[in-house]
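Input: a single structure, listed below in structure tokens.
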Amino acid sequence: MNRIVLVSIAAAGSAALLAGCTPAVPVSGAASPLEVTAAVTEGQQARVLDETFAELAAADKAKSTDEFDVRIGGDAKVVRAAEYKQQSADDGPTPAVLPEDMQAVYVSSTEVWPRVMVGVSEQPSEDLTPVVSVWVQENVDTPYQMRSWAHMIPGATLPKMPGPSVGADQLETTDEVGGTTAQAVMDDYVKLLKDGKDSDLNDTFTEDTYREQLFTARTALTKTAKTADGKYADTISLTEDDTYVLETAEGGALVFAPVRISSSLSVKDAKVSVSAADEPLVDGKLVDEVTHEYRDLVVMYIPAEDSEELPTVVAADHHLIRASPDGEK
């Protein structure tokens with residue numbers, strides 16, 4: 001076993017995918033103000049944001065998630081921990097820029113928990129799109145906590161939402177919206193991701209760079225495996241319990257859906273290797289098999305029932321958190 005097979009997933013970084021092709025991304029304004037019904041006041045929203053980014057700044061300085069105390073957890077903490085590991089390597093990549101300034105904040109109007117707050121950042125630079133971040137409040141006694149984030153798809157726009165003092169109706173994934181349900185739309189999208197570029201479902205969604213990224217990586221890794229007389233397979237699933245839905249001002253919905261992806265490649269009479277950027281994320285000794293694990297966020301827009309638009313991914317990031325010889329433990 002003397003050949004080295006480099007498992008290079010060029011599309012693994014969403015920032016690289018978005019760089020160099022990103023026009024200014026317009027974000028639709030809020031609907032006209034109505035009666036104040038938001039779950040949190042604008043002052044409380046500002047406090048959540050301030051405390052979140054103070055924790056993030058401290059963690060970035062220390063290059064450690066030990067600084068995350070109250071306001072950052074879940075997938076956001078796991079993803080940031082992986083970014084700090086990558087940064088620790090010689091010439092390692094810096095963590096994703098998460099801008100503090102927001103151009104829009106969406107909140108739930110519901111009186112049930114868990115409930116969400118969503119921030120849409122200002123554009124970080126000419127080469128990167130705005131970041132959509134999701135905060136979750138589990139119950140009345142717990143604070144809002146940032147759980148995930150994703151960059152907007154180049155050229156995408158967000159629909160009009162109820163203003164920050166009004167709040168948006170928070171729906172169940174099984175509630176009817178746009179003549180369907182969020183669950184049905186996301187199930188179809190995951191099936192499309194599994195089926196690939198030739199899926200019959202391609203024409204039921206607007207084109208997006210996230211699925212192009214996954215399809216490109218799958219094609220490259222399948223070719224690598226074949227060349228080394230090996231195999232390639234991936235698994236894709238939704239984290240349904242952590243999926244949230246906010247109704248838009250015009251009767252559609254925004255769906256915030258965590259997606260788990262496991263990408264496994266094996267070879268024969270050779271040894272697998274990973275890129276220098278991914279080496280800090282290797283857990284175990286790689287020999288003839290490697291599995292890359294991702295925790296992604298997909299933000300899907302479901303148009304109102306009378307709209308001619310298709311369901312559209314408006315934000316998504318592909319976050320590598322681990323590489324191992326035997327998959328997730």
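FYI, nothing fancy with the structure tokens labels: chains A, B, ... in order, residues from 1 per chain, ligands from 1 as they appear.
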Sorted by chain and rising residue number, which residues of range 107-146 of chain A lie within 10 Å of range 229-244 of chain A, and what are their closest atom pairs and distances in Å to one decimal, counting only C-alpha atoms, as JSON lines?
{"residue": "A:Pro114", "atom": "CA", "partner": "A:Tyr244", "partner_atom": "CA", "distance": 9.1}
{"residue": "A:Arg115", "atom": "CA", "partner": "A:Tyr244", "partner_atom": "CA", "distance": 8.0}
{"residue": "A:Val116", "atom": "CA", "partner": "A:Tyr244", "partner_atom": "CA", "distance": 7.5}
{"residue": "A:Val134", "atom": "CA", "partner": "A:Tyr244", "partner_atom": "CA", "distance": 9.5}
{"residue": "A:Val136", "atom": "CA", "partner": "A:Asp242", "partner_atom": "CA", "distance": 9.2}
Would you write out, as JSON lines, a table of all residues in range 227-254 of chain A that have an atom no more than 8 Å from an atom of range 138-160 of chain A, listing for each the closest atom pair and the distance in Å to one decimal, considering only C-alpha atoms and ordering rows by chain and rising residue number?
{"residue": "A:Thr248", "atom": "CA", "partner": "A:Lys160", "partner_atom": "CA", "distance": 6.2}
{"residue": "A:Ala249", "atom": "CA", "partner": "A:Lys160", "partner_atom": "CA", "distance": 5.6}
{"residue": "A:Glu250", "atom": "CA", "partner": "A:Lys160", "partner_atom": "CA", "distance": 7.2}
Please save C-alpha atoms of the selected residues as a PDB file, in the first residue's frame.
ATOM      1  CA  THR A 248     -43.464  35.797   5.169  1.00  0.00           C
ATOM      2  CA  ALA A 249     -45.519  38.988   4.834  1.00  0.00           C
ATOM      3  CA  GLU A 250     -47.079  37.686   1.606  1.00  0.00           C
TER       4      GLU A 250
END
Checklist entry - Quick one, how far is CA of Gly284 in chain A from CA of Leu221 in chain A? => result 20.8 Å
Item to check | Top pick for closest residue to Ala62 in chain A, considering A:Leu286, A:Ala253, A:Leu171, A:Tyr84 and counting only C-alpha atoms | outcome: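 The shortest atom-to-atom distance to Ala62 in chain A comes from A:Tyr84.
Each of A:Lys268, A:Pro164, A:Tyr189, A:Ala276 was compared to Gly43 in chain A using only C-alpha atoms, and A:Pro164 turns out to be the nearest.
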Next on the checklist: Set the distance at 12 Å and use only C-alpha atoms: which residues neighbour Glu100 in chain A once local chain neighbours fewer than 2 positions away are removed? I'd like the list as an NGL selection string.
Outcome noted: :A and (46 or 48-57 or 97-98 or 102-105 or 119-124 or 130-133)
I need the chosen residues saved as a compact mmCIF listing (two decimals), in the first residue's frame, with C-alpha atoms.
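And here is the file that came out, out01.txt:
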# COMPACT_ATOMS: atom_id res chain seq x y z
CA ALA A 46 -30.19 44.50 20.27
CA VAL A 48 -29.01 39.51 22.17
CA LEU A 49 -26.92 40.68 19.23
CA ASP A 50 -24.48 42.66 21.38
CA GLU A 51 -23.91 39.78 23.79
CA THR A 52 -23.57 37.24 20.99
CA PHE A 53 -20.90 39.15 19.13
CA ALA A 54 -19.05 40.00 22.35
CA GLU A 55 -18.75 36.25 23.02
CA LEU A 56 -17.71 35.64 19.42
CA ALA A 57 -15.04 38.35 19.54
CA VAL A 97 -16.34 36.47 9.04
CA LEU A 98 -19.68 36.92 10.84
CA MET A 102 -27.50 43.70 10.71
CA GLN A 103 -29.56 44.98 7.84
CA ALA A 104 -32.63 43.00 8.96
CA VAL A 105 -33.83 41.08 12.01
CA GLY A 119 -30.42 38.14 11.63
CA VAL A 120 -29.36 39.12 8.11
CA SER A 121 -25.97 40.82 8.25
CA GLU A 122 -24.54 43.58 6.19
CA GLN A 123 -22.37 42.35 3.33
CA PRO A 124 -18.92 41.50 4.80
CA PRO A 130 -24.44 38.62 3.76
CA VAL A 131 -24.74 36.02 6.51
CA VAL A 132 -28.06 34.66 7.77
CA SER A 133 -27.80 33.62 11.44
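The nearest approach to Ala220 in chain A among the residues A:Gly252, A:Asp208, A:Ser64, A:Leu265, with only C-alpha atoms taken into account, belongs to A:Leu265.
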